[in-house]
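Engineer: PDB, C-alpha atoms and all ligand atoms, file target_10.pdb:
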```pdb
MODEL        1
ATOM      1  CA  MET A   1     115.514  56.589 -52.035
ATOM      2  CA  LEU A   2     115.352  55.916 -48.317
ATOM      3  CA  GLU A   3     112.670  58.604 -48.029
ATOM      4  CA  ASP A   4     110.346  56.374 -50.061
ATOM      5  CA  ARG A   5     110.439  53.729 -47.332
ATOM      6  CA  ILE A   6     111.162  55.470 -44.070
ATOM      7  CA  TYR A   7     110.295  58.718 -42.313
ATOM      8  CA  THR A   8     113.731  60.322 -42.205
ATOM      9  CA  LEU A   9     115.044  63.196 -40.106
ATOM     10  CA  ASN A  10     115.314  65.191 -43.316
ATOM     11  CA  THR A  11     111.572  64.797 -43.897
ATOM     12  CA  TYR A  12     110.831  65.540 -40.225
ATOM     13  CA  TYR A  13     112.700  68.848 -40.430
ATOM     14  CA  ARG A  14     111.198  69.763 -43.808
ATOM     15  CA  ARG A  15     107.695  69.255 -42.400
ATOM     16  CA  MET A  16     108.529  71.339 -39.332
ATOM     17  CA  PHE A  17     110.594  74.129 -40.894
ATOM     18  CA  GLY A  18     109.591  74.001 -44.567
ATOM     19  CA  GLU A  19     113.160  73.679 -45.815
ATOM     20  CA  LYS A  20     116.319  71.586 -45.646
ATOM     21  CA  ILE A  21     117.902  71.850 -42.209
ATOM     22  CA  TYR A  22     121.414  70.853 -41.129
ATOM     23  CA  LYS A  23     122.463  69.864 -37.625
ATOM     24  CA  LEU A  24     125.430  71.663 -36.080
ATOM     25  CA  SER A  25     127.316  69.469 -33.588
ATOM     26  CA  LEU A  26     128.432  71.486 -30.587
ATOM     27  CA  ASN A  27     130.108  70.737 -27.301
ATOM     28  CA  PRO A  28     128.341  72.340 -24.328
ATOM     29  CA  GLY A  29     131.245  71.610 -21.963
ATOM     30  CA  THR A  30     129.114  69.595 -19.543
ATOM     31  CA  THR A  31     130.361  66.374 -17.972
ATOM     32  CA  CYS A  32     128.427  63.170 -17.254
ATOM     33  CA  PRO A  33     127.232  61.748 -13.909
ATOM     34  CA  ASN A  34     128.388  58.348 -15.069
ATOM     35  CA  ARG A  35     131.931  59.678 -15.311
ATOM     36  CA  ASP A  36     132.231  62.131 -12.438
ATOM     37  CA  GLY A  37     131.226  59.630  -9.736
ATOM     38  CA  THR A  38     127.698  60.917  -9.125
ATOM     39  CA  CYS A  39     126.112  57.721 -10.389
ATOM     40  CA  GLY A  40     129.245  55.937 -11.557
ATOM     41  CA  THR A  41     132.787  56.249 -12.789
ATOM     42  CA  GLY A  42     134.345  55.114 -16.015
ATOM     43  CA  GLY A  43     131.177  55.771 -18.000
ATOM     44  CA  CYS A  44     129.207  53.371 -20.156
ATOM     45  CA  THR A  45     131.523  50.607 -21.298
ATOM     46  CA  PHE A  46     131.181  51.513 -24.994
ATOM     47  CA  CYS A  47     131.758  55.252 -24.500
ATOM     48  CA  SER A  48     135.059  56.735 -25.658
ATOM     49  CA  ALA A  49     136.959  59.456 -23.806
ATOM     50  CA  GLY A  50     135.342  62.050 -26.060
ATOM     51  CA  GLY A  51     131.842  60.634 -25.575
ATOM     52  CA  SER A  52     129.539  61.654 -28.402
ATOM     53  CA  GLY A  53     131.805  64.659 -28.885
ATOM     54  CA  ASP A  54     134.404  62.889 -30.980
ATOM     55  CA  PHE A  55     133.139  64.989 -33.902
ATOM     56  CA  THR A  56     132.652  68.263 -32.072
ATOM     57  CA  ALA A  57     134.992  71.113 -31.250
ATOM     58  CA  SER A  58     136.755  71.342 -27.903
ATOM     59  CA  PRO A  59     134.480  72.642 -25.136
ATOM     60  CA  ALA A  60     137.212  75.180 -24.406
ATOM     61  CA  ILE A  61     136.274  76.978 -27.633
ATOM     62  CA  ALA A  62     133.653  79.692 -27.225
ATOM     63  CA  MET A  63     130.158  78.781 -28.426
ATOM     64  CA  LYS A  64     130.176  81.490 -31.137
ATOM     65  CA  GLU A  65     133.344  79.994 -32.600
ATOM     66  CA  GLN A  66     132.023  76.442 -32.307
ATOM     67  CA  LEU A  67     128.919  77.508 -34.219
ATOM     68  CA  GLU A  68     130.980  79.162 -36.926
ATOM     69  CA  PHE A  69     133.233  76.132 -37.259
ATOM     70  CA  ALA A  70     130.246  73.757 -37.461
ATOM     71  CA  ARG A  71     128.605  75.966 -40.092
ATOM     72  CA  SER A  72     131.795  75.957 -42.146
ATOM     73  CA  LEU A  73     131.681  72.153 -42.345
ATOM     74  CA  VAL A  74     128.317  72.118 -44.132
ATOM     75  CA  ARG A  75     128.257  75.456 -45.926
ATOM     76  CA  ALA A  76     129.647  73.931 -49.124
ATOM     77  CA  LYS A  77     126.546  71.695 -49.230
ATOM     78  CA  GLY A  78     124.377  74.785 -49.419
ATOM     79  CA  ALA A  79     123.402  74.785 -45.746
ATOM     80  CA  ARG A  80     121.702  78.010 -44.621
ATOM     81  CA  ARG A  81     119.464  77.067 -41.677
ATOM     82  CA  TYR A  82     120.345  74.845 -38.740
ATOM     83  CA  VAL A  83     119.355  72.965 -35.633
ATOM     84  CA  ALA A  84     122.095  73.295 -33.015
ATOM     85  CA  TYR A  85     122.957  69.969 -31.398
ATOM     86  CA  PHE A  86     124.639  69.701 -28.007
ATOM     87  CA  GLN A  87     126.311  66.386 -28.386
ATOM     88  CA  ALA A  88     129.232  65.616 -26.067
ATOM     89  CA  PHE A  89     128.501  64.207 -22.623
ATOM     90  CA  THR A  90     125.299  65.182 -20.844
ATOM     91  CA  GLY A  91     123.855  68.424 -22.182
ATOM     92  CA  THR A  92     121.493  69.106 -19.255
ATOM     93  CA  TYR A  93     123.931  68.137 -16.493
ATOM     94  CA  ALA A  94     124.915  71.510 -15.045
ATOM     95  CA  PRO A  95     123.370  74.212 -12.859
ATOM     96  CA  LEU A  96     120.589  76.234 -14.479
ATOM     97  CA  SER A  97     122.822  79.308 -14.168
ATOM     98  CA  TYR A  98     125.223  77.605 -16.611
ATOM     99  CA  LEU A  99     122.618  76.093 -18.918
ATOM    100  CA  GLU A 100     120.324  79.086 -19.382
ATOM    101  CA  PRO A 101     122.839  81.480 -21.001
ATOM    102  CA  LEU A 102     124.360  78.621 -22.978
ATOM    103  CA  TYR A 103     121.039  77.557 -24.518
ATOM    104  CA  ALA A 104     119.939  81.164 -25.005
ATOM    105  CA  SER A 105     123.170  82.105 -26.808
ATOM    106  CA  VAL A 106     122.568  79.407 -29.395
ATOM    107  CA  LEU A 107     118.835  80.022 -29.798
ATOM    108  CA  SER A 108     119.447  83.730 -30.321
ATOM    109  CA  GLU A 109     121.377  83.007 -33.545
ATOM    110  CA  GLU A 110     119.107  83.954 -36.433
ATOM    111  CA  ASP A 111     119.971  80.991 -38.640
ATOM    112  CA  VAL A 112     119.532  78.480 -35.775
ATOM    113  CA  LEU A 113     115.895  77.396 -35.933
ATOM    114  CA  GLY A 114     115.939  74.982 -33.000
ATOM    115  CA  LEU A 115     118.063  73.347 -30.309
ATOM    116  CA  SER A 116     118.561  69.625 -29.806
ATOM    117  CA  ILE A 117     120.185  68.443 -26.567
ATOM    118  CA  GLY A 118     121.728  65.019 -26.029
ATOM    119  CA  THR A 119     121.435  63.910 -22.415
ATOM    120  CA  ARG A 120     120.602  61.156 -19.925
ATOM    121  CA  PRO A 121     117.090  60.569 -18.577
ATOM    122  CA  ASP A 122     118.342  60.825 -14.980
ATOM    123  CA  CYS A 123     119.533  64.385 -15.714
ATOM    124  CA  ILE A 124     116.208  65.958 -16.625
ATOM    125  CA  PRO A 125     114.717  67.373 -13.433
ATOM    126  CA  ASP A 126     111.518  69.395 -13.669
ATOM    127  CA  GLU A 127     113.528  72.656 -13.357
ATOM    128  CA  VAL A 128     115.374  71.841 -16.574
ATOM    129  CA  ILE A 129     112.106  71.051 -18.329
ATOM    130  CA  ALA A 130     110.691  74.367 -17.111
ATOM    131  CA  LEU A 131     113.787  76.150 -18.478
ATOM    132  CA  LEU A 132     113.395  74.478 -21.877
ATOM    133  CA  VAL A 133     109.712  75.406 -22.035
ATOM    134  CA  ASN A 134     110.560  78.974 -21.105
ATOM    135  CA  LEU A 135     113.287  79.266 -23.766
ATOM    136  CA  ARG A 136     111.066  77.678 -26.384
ATOM    137  CA  SER A 137     108.433  80.352 -25.897
ATOM    138  CA  ARG A 138     110.947  83.191 -25.434
ATOM    139  CA  PHE A 139     112.673  82.455 -28.762
ATOM    140  CA  ASP A 140     109.671  80.874 -30.470
ATOM    141  CA  LYS A 141     111.878  77.975 -31.547
ATOM    142  CA  PRO A 142     111.513  74.263 -30.787
ATOM    143  CA  VAL A 143     113.739  72.437 -28.323
ATOM    144  CA  PHE A 144     114.372  68.715 -28.748
ATOM    145  CA  ILE A 145     115.815  66.132 -26.356
ATOM    146  CA  GLU A 146     117.873  63.082 -27.357
ATOM    147  CA  LEU A 147     118.243  60.256 -24.840
ATOM    148  CA  GLY A 148     120.919  57.571 -25.033
ATOM    149  CA  LEU A 149     118.958  54.544 -23.893
ATOM    150  CA  GLN A 150     120.827  51.925 -25.987
ATOM    151  CA  THR A 151     118.818  48.931 -24.737
ATOM    152  CA  MET A 152     115.602  48.075 -22.897
ATOM    153  CA  ASN A 153     117.186  44.931 -21.504
ATOM    154  CA  GLU A 154     117.973  45.748 -17.851
ATOM    155  CA  SER A 155     120.721  43.155 -17.425
ATOM    156  CA  VAL A 156     122.423  44.186 -20.689
ATOM    157  CA  ALA A 157     122.186  47.833 -19.602
ATOM    158  CA  ALA A 158     123.689  46.990 -16.199
ATOM    159  CA  ALA A 159     126.551  45.099 -17.858
ATOM    160  CA  CYS A 160     127.222  48.234 -19.933
ATOM    161  CA  ASN A 161     127.295  50.327 -16.748
ATOM    162  CA  ARG A 162     124.495  52.554 -18.099
ATOM    163  CA  GLY A 163     123.694  53.653 -14.576
ATOM    164  CA  TYR A 164     119.896  53.996 -14.548
ATOM    165  CA  ARG A 165     116.894  51.721 -14.874
ATOM    166  CA  ASN A 166     114.294  51.750 -17.633
ATOM    167  CA  GLU A 167     111.660  53.280 -15.341
ATOM    168  CA  VAL A 168     113.820  56.430 -15.068
ATOM    169  CA  PHE A 169     113.880  56.662 -18.852
ATOM    170  CA  GLU A 170     110.125  56.081 -19.164
ATOM    171  CA  ASP A 171     109.402  58.736 -16.552
ATOM    172  CA  ALA A 172     111.614  61.305 -18.349
ATOM    173  CA  VAL A 173     109.944  60.587 -21.699
ATOM    174  CA  ARG A 174     106.473  61.054 -20.199
ATOM    175  CA  ARG A 175     107.389  64.333 -18.431
ATOM    176  CA  LEU A 176     108.925  65.715 -21.641
ATOM    177  CA  ALA A 177     105.990  64.566 -23.754
ATOM    178  CA  ALA A 178     103.586  66.234 -21.300
ATOM    179  CA  VAL A 179     105.031  69.627 -22.308
ATOM    180  CA  LYS A 180     105.377  68.625 -25.970
ATOM    181  CA  ILE A 181     109.167  68.476 -26.080
ATOM    182  CA  PRO A 182     109.993  65.959 -28.825
ATOM    183  CA  VAL A 183     112.178  63.068 -27.653
ATOM    184  CA  THR A 184     114.541  61.026 -29.802
ATOM    185  CA  VAL A 185     115.923  57.766 -28.402
ATOM    186  CA  HIS A 186     119.323  56.281 -29.266
ATOM    187  CA  MET A 187     119.442  52.482 -29.478
ATOM    188  CA  ILE A 188     122.472  50.246 -30.059
ATOM    189  CA  LEU A 189     121.995  46.955 -31.895
ATOM    190  CA  GLY A 190     124.442  44.203 -30.992
ATOM    191  CA  LEU A 191     125.341  44.821 -27.343
ATOM    192  CA  PRO A 192     126.929  41.775 -25.661
ATOM    193  CA  GLN A 193     124.471  39.179 -24.351
ATOM    194  CA  GLU A 194     121.478  40.690 -26.171
ATOM    195  CA  THR A 195     119.802  38.494 -28.757
ATOM    196  CA  ARG A 196     118.309  39.831 -31.947
ATOM    197  CA  GLU A 197     114.789  39.128 -30.644
ATOM    198  CA  GLU A 198     115.542  41.050 -27.446
ATOM    199  CA  MET A 199     116.848  44.007 -29.478
ATOM    200  CA  LEU A 200     113.674  44.045 -31.535
ATOM    201  CA  ASP A 201     111.535  43.709 -28.394
ATOM    202  CA  GLY A 202     113.360  46.761 -27.074
ATOM    203  CA  ILE A 203     112.486  48.714 -30.234
ATOM    204  CA  ARG A 204     108.832  47.660 -29.865
ATOM    205  CA  ALA A 205     108.758  48.792 -26.231
ATOM    206  CA  VAL A 206     110.431  52.142 -26.925
ATOM    207  CA  CYS A 207     108.056  52.866 -29.794
ATOM    208  CA  ARG A 208     105.042  52.396 -27.520
ATOM    209  CA  LEU A 209     106.198  55.482 -25.583
ATOM    210  CA  PRO A 210     105.398  59.051 -26.709
ATOM    211  CA  ILE A 211     108.642  59.609 -28.623
ATOM    212  CA  SER A 212     109.094  61.427 -31.916
ATOM    213  CA  GLY A 213     112.376  59.983 -33.162
ATOM    214  CA  ILE A 214     114.747  57.049 -32.936
ATOM    215  CA  LYS A 215     118.418  56.571 -33.792
ATOM    216  CA  LEU A 216     119.745  53.107 -34.565
ATOM    217  CA  GLN A 217     123.341  52.020 -34.823
ATOM    218  CA  GLN A 218     125.415  48.882 -34.513
ATOM    219  CA  LEU A 219     127.688  48.399 -31.530
ATOM    220  CA  HIS A 220     131.070  49.994 -32.091
ATOM    221  CA  ILE A 221     134.083  48.850 -30.138
ATOM    222  CA  LEU A 222     136.266  51.920 -29.783
ATOM    223  CA  LYS A 223     139.825  52.329 -28.609
ATOM    224  CA  GLY A 224     140.223  53.418 -25.018
ATOM    225  CA  THR A 225     136.846  52.115 -23.841
ATOM    226  CA  ALA A 226     136.168  49.559 -21.124
ATOM    227  CA  MET A 227     134.533  47.446 -23.804
ATOM    228  CA  GLU A 228     137.775  47.319 -25.763
ATOM    229  CA  LYS A 229     139.469  45.598 -22.813
ATOM    230  CA  THR A 230     136.636  43.095 -22.407
ATOM    231  CA  TYR A 231     136.738  42.422 -26.138
ATOM    232  CA  GLU A 232     140.482  41.748 -25.989
ATOM    233  CA  ASN A 233     140.198  39.418 -22.988
ATOM    234  CA  HIS A 234     136.853  37.744 -23.739
ATOM    235  CA  PRO A 235     136.086  37.936 -27.456
ATOM    236  CA  GLU A 236     133.692  34.991 -26.975
ATOM    237  CA  GLN A 237     131.264  37.364 -25.219
ATOM    238  CA  PHE A 238     130.846  39.363 -28.434
ATOM    239  CA  ALA A 239     128.709  37.975 -31.195
ATOM    240  CA  MET A 240     129.525  40.898 -33.480
ATOM    241  CA  MET A 241     127.022  41.208 -36.284
ATOM    242  CA  ASP A 242     128.569  41.029 -39.703
ATOM    243  CA  GLU A 243     127.387  43.462 -42.345
ATOM    244  CA  SER A 244     124.573  41.363 -43.758
ATOM    245  CA  CYS A 245     123.319  40.422 -40.278
ATOM    246  CA  TYR A 246     123.241  44.067 -39.241
ATOM    247  CA  ILE A 247     121.422  45.113 -42.402
ATOM    248  CA  SER A 248     118.726  42.467 -42.009
ATOM    249  CA  THR A 249     118.335  43.307 -38.297
ATOM    250  CA  VAL A 250     118.011  47.027 -38.877
ATOM    251  CA  ALA A 251     115.510  46.306 -41.655
ATOM    252  CA  GLN A 252     113.423  44.274 -39.198
ATOM    253  CA  ALA A 253     113.608  47.189 -36.784
ATOM    254  CA  VAL A 254     112.453  49.615 -39.487
ATOM    255  CA  ALA A 255     109.411  47.422 -40.115
ATOM    256  CA  LEU A 256     108.526  47.662 -36.402
ATOM    257  CA  ILE A 257     108.815  51.436 -36.029
ATOM    258  CA  PRO A 258     105.469  53.227 -36.378
ATOM    259  CA  PRO A 259     105.369  55.667 -39.302
ATOM    260  CA  HIS A 260     104.926  58.735 -37.059
ATOM    261  CA  ILE A 261     108.368  58.201 -35.479
ATOM    262  CA  ALA A 262     111.214  59.736 -37.491
ATOM    263  CA  ILE A 263     114.241  57.505 -37.976
ATOM    264  CA  HIS A 264     117.235  59.792 -37.553
ATOM    265  CA  ARG A 265     119.945  57.203 -38.074
ATOM    266  CA  LEU A 266     120.219  53.697 -39.495
ATOM    267  CA  THR A 267     123.924  53.090 -39.070
ATOM    268  CA  GLY A 268     126.610  54.506 -36.818
ATOM    269  CA  ASP A 269     129.616  56.429 -37.977
ATOM    270  CA  GLY A 270     132.053  56.106 -35.103
ATOM    271  CA  PRO A 271     135.316  58.023 -35.329
ATOM    272  CA  LYS A 272     137.503  56.069 -37.778
ATOM    273  CA  LYS A 273     140.676  56.634 -35.791
ATOM    274  CA  LEU A 274     139.103  54.924 -32.766
ATOM    275  CA  LEU A 275     137.119  52.198 -34.477
ATOM    276  CA  ILE A 276     138.254  48.631 -33.758
ATOM    277  CA  MET A 277     135.146  46.710 -34.763
ATOM    278  CA  PRO A 278     133.129  46.367 -36.940
ATOM    279  CA  LEU A 279     135.148  47.942 -39.751
ATOM    280  CA  TYR A 280     132.347  47.744 -42.312
ATOM    281  CA  THR A 281     130.617  50.626 -40.529
ATOM    282  CA  ALA A 282     133.404  53.023 -41.494
ATOM    283  CA  ASN A 283     131.861  53.458 -44.946
ATOM    284  CA  LYS A 284     128.567  55.091 -44.028
ATOM    285  CA  LYS A 285     127.597  55.865 -47.618
ATOM    286  CA  HIS A 286     127.956  52.223 -48.543
ATOM    287  CA  MET A 287     125.982  51.114 -45.468
ATOM    288  CA  LEU A 288     123.071  53.436 -46.214
ATOM    289  CA  SER A 289     122.997  52.328 -49.822
ATOM    290  CA  ALA A 290     123.083  48.636 -48.791
ATOM    291  CA  ILE A 291     120.233  49.164 -46.290
ATOM    292  CA  GLU A 292     118.187  51.004 -48.894
ATOM    293  CA  THR A 293     118.778  48.172 -51.388
ATOM    294  CA  TYR A 294     117.758  45.564 -48.797
ATOM    295  CA  LEU A 295     114.553  47.428 -47.930
ATOM    296  CA  ARG A 296     113.683  47.742 -51.614
ATOM    297  CA  GLU A 297     114.498  44.140 -52.545
ATOM    298  CA  HIS A 298     112.491  42.806 -49.572
ATOM    299  CA  ASP A 299     109.773  45.412 -50.067
ATOM    300  CA  ILE A 300     110.010  46.585 -46.453
ATOM    301  CA  MET A 301     108.345  49.844 -45.423
ATOM    302  CA  GLN A 302     108.597  51.528 -42.037
ATOM    303  CA  GLY A 303     105.856  50.244 -39.735
ATOM    304  CA  GLN A 304     104.909  47.457 -42.101
ATOM    305  CA  ALA A 305     105.200  44.728 -39.453
ATOM    306  CA  LEU A 306     102.684  46.610 -37.283
ATOM    307  CA  LEU A 307     100.177  46.735 -40.130
ATOM    308  CA  GLU A 308     100.629  43.026 -40.715
ATOM    309  CA  THR A 309     100.021  42.354 -37.007
ATOM    310  CA  PHE A 310      96.676  44.129 -37.140
ATOM    311  CA  SER A 311      95.518  42.947 -40.593
TER     312      SER A 311
HETATM  313  S1  LIG A 401     127.456  57.195 -23.212
HETATM  314 FE1  LIG A 401     126.656  59.105 -22.403
HETATM  315  S2  LIG A 401     125.915  58.535 -20.369
HETATM  316 FE2  LIG A 401     127.323  56.937 -20.985
HETATM  317  S3  LIG A 401     129.325  57.562 -20.176
HETATM  318 FE3  LIG A 401     129.193  58.302 -22.274
HETATM  319  S4  LIG A 401     128.463  60.389 -22.052
HETATM  320 FE4  LIG A 401     128.004  59.357 -20.120
ENDMDL
END
```
Could you show the structure in this file as structure tokens?
Ligand code: SF4

Structural biologist:
Amino acid sequence: MLEDRIYTLNTYYRRMFGEKIYKLSLNPGTTCPNRDGTCGTGGCTFCSAGGSGDFTASPAIAMKEQLEFARSLVRAKGARRYVAYFQAFTGTYAPLSYLEPLYASVLSEEDVLGLSIGTRPDCIPDEVIALLVNLRSRFDKPVFIELGLQTMNESVAAACNRGYRNEVFEDAVRRLAAVKIPVTVHMILGLPQETREEMLDGIRAVCRLPISGIKLQQLHILKGTAMEKTYENHPEQFAMMDESCYISTVAQAVALIPPHIAIHRLTGDGPKKLLIMPLYTANKKHMLSAIETYLREHDIMQGQALLETFS
């Protein structure tokens, strides 16, 4: 079992809530400053038209209905308690007068035990942090933040049109940690022009910050993205990792992640209808099983490389 070797999200939630918790993917209807022209247009080059909301309901659907729909997707698995997850676009990028009732409506649901918000580090002003702290104490439920960093390599990030520098990310993490809001960081392995050693250096650097979780996934080239066009015109710029290369790289990353940081994701599951490359990622069950087998056969435990460094 993966739980024997890594600190999973499942374990993280069980420790916090004392039971199995399911995440409900919701669309808060917010846009993104990297799409609306505030800090850029066109978005990050790997981001599809639906952003991270390719699996969520339309933002036009009322939040109550979105919640009910998301519950219906996991009810057959025995799901009874949830963390609501605002996934599409930038979940803190709106006036407080929009965000406050939105967050409160979700937190007021009895079976929703917490709220996780996906956003960008340049969209977390102190007023938003104050709102989150206020809601956390009003509802007595935790609020989590997820940040799409993707890489710590500034030139790779600039080539992806990420739209902010690492110092902005580091500042947001520190301000959130100061009020004990847990932060999870999304990282992509395999971005163009980033070597495996640079990816792993990025993981090391991120894990030195006061974060509580990390999500890892391989680069997906999706239909309709700027990256798709570059891939078509300049395939030589893409050293796409094959399945075995990705598995060994993610295993090396696991060994570098300190055991107090929960690993929420080991492989991406991009929308199949949009996925161009790499096709092996479409079978998530197979990928997780192959990663688990690799960790077992190579006797790799989370954080093991750190222990070896200090022994
Ligand atoms: S990845 Fe996130 S920050 Fe980048 S364009 Fe998409 S929604 Fe915006």

Engineer: Give the residue list for ligand LIG 401 (chain A) at 7 Å, counting all atoms listed in the file, as a VMD selection string, sorted by chain and then by residue number.

Structural biologist: chain A and resid 32 to 35 42 to 44 47 to 48 51 to 52 88 to 90 120 148 162

Engineer: Using the chain letters and numbers from this file, what does the PyMOL selection byres (((chain A and resi 268) around 7) and not hetatm) select? Give the answer as a PyMOL selection string.

Structural biologist: chain A and resi 217-218+266-267+269-270+281

Engineer: Residues as selected, C-alpha atoms, written as an mmCIF file, in the coordinates of the input, can you do that?

Structural biologist:
```cif
data_model
loop_
_atom_site.group_PDB
_atom_site.id
_atom_site.type_symbol
_atom_site.label_atom_id
_atom_site.label_comp_id
_atom_site.auth_asym_id
_atom_site.auth_seq_id
_atom_site.Cartn_x
_atom_site.Cartn_y
_atom_site.Cartn_z
ATOM 1 C CA GLN A 217 123.341 52.020 -34.823
ATOM 2 C CA GLN A 218 125.415 48.882 -34.513
ATOM 3 C CA LEU A 266 120.219 53.697 -39.495
ATOM 4 C CA THR A 267 123.924 53.090 -39.070
ATOM 5 C CA ASP A 269 129.616 56.429 -37.977
ATOM 6 C CA GLY A 270 132.053 56.106 -35.103
ATOM 7 C CA THR A 281 130.617 50.626 -40.529
#
```

Engineer: Name every residue that the PyMOL selection byres (((chain A and resi 155) around 12) and not hetatm) selects in this structure, writing the answer as a list in words with chains first and numbers rising.

Structural biologist: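 So the PyMOL selection byres (((chain A and resi 155) around 12) and not hetatm) ends up selecting Thr151, Met152, Asn153, Glu154, Val156, Ala157, Ala158, Ala159, Cys160, Asn161, Arg162, Gly163, Tyr164, Arg165, Asn166, Leu191, Pro192, Gln193, Glu194 and Glu198 of chain A.
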
Engineer: For the atom pair atom CA of A:Ala62 and atom CA of A:Pro142, what is the interatomic distance in Å to one decimal place?

Structural biologist: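 So the answer is 23.1 Å.
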
Engineer: Evaluate the PyMOL selection byres (((chain A and resi 206) around 10) and not hetatm) here and jot the selected residues down as a PyMOL selection string.

Structural biologist: chain A and resi 149+151-152+169-170+173+185+187+200-205+207-211+214+257

Engineer: Just how far from atom CA of A:Val179 is atom CA of A:Ile129, in Å to one decimal?

Structural biologist: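 Between atom CA of A:Ile129 and atom CA of A:Val179 the gap is 8.2 Å.
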
Engineer: Can you pull out the residues contacting A:Tyr82? Cut-off 6 Å, using only C-alpha atoms, and skip same-chain residues under 5 positions away; I want them as a ChimeraX atom specification.

Structural biologist: /A:21-23,112-113

Engineer: For each of A:Thr249, A:Gln150, A:Thr31, A:Asn134, take the minimum atom-to-atom distance to A:Ala49, counting all atoms listed in the file, then give the residue where this is smallest.

Structural biologist: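 Ranking A:Thr249, A:Gln150, A:Thr31, A:Asn134 by distance to A:Ala49, first place goes to A:Thr31.
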
Engineer: Would you list the residues near (121.0, 62.5, -13.6) (no more than 8 Å away, in the coordinates of the file, using all atoms listed in the file) as a ChimeraX atom specification?

Structural biologist: /A:33,39,93,120-125

Engineer: Which residues come within 12 Å of A:Glu19, counting only C-alpha atoms, excluding same-chain residues fewer than 5 positions away, as a ChimeraX atom specification?

Structural biologist: /A:10-14,78-83,113
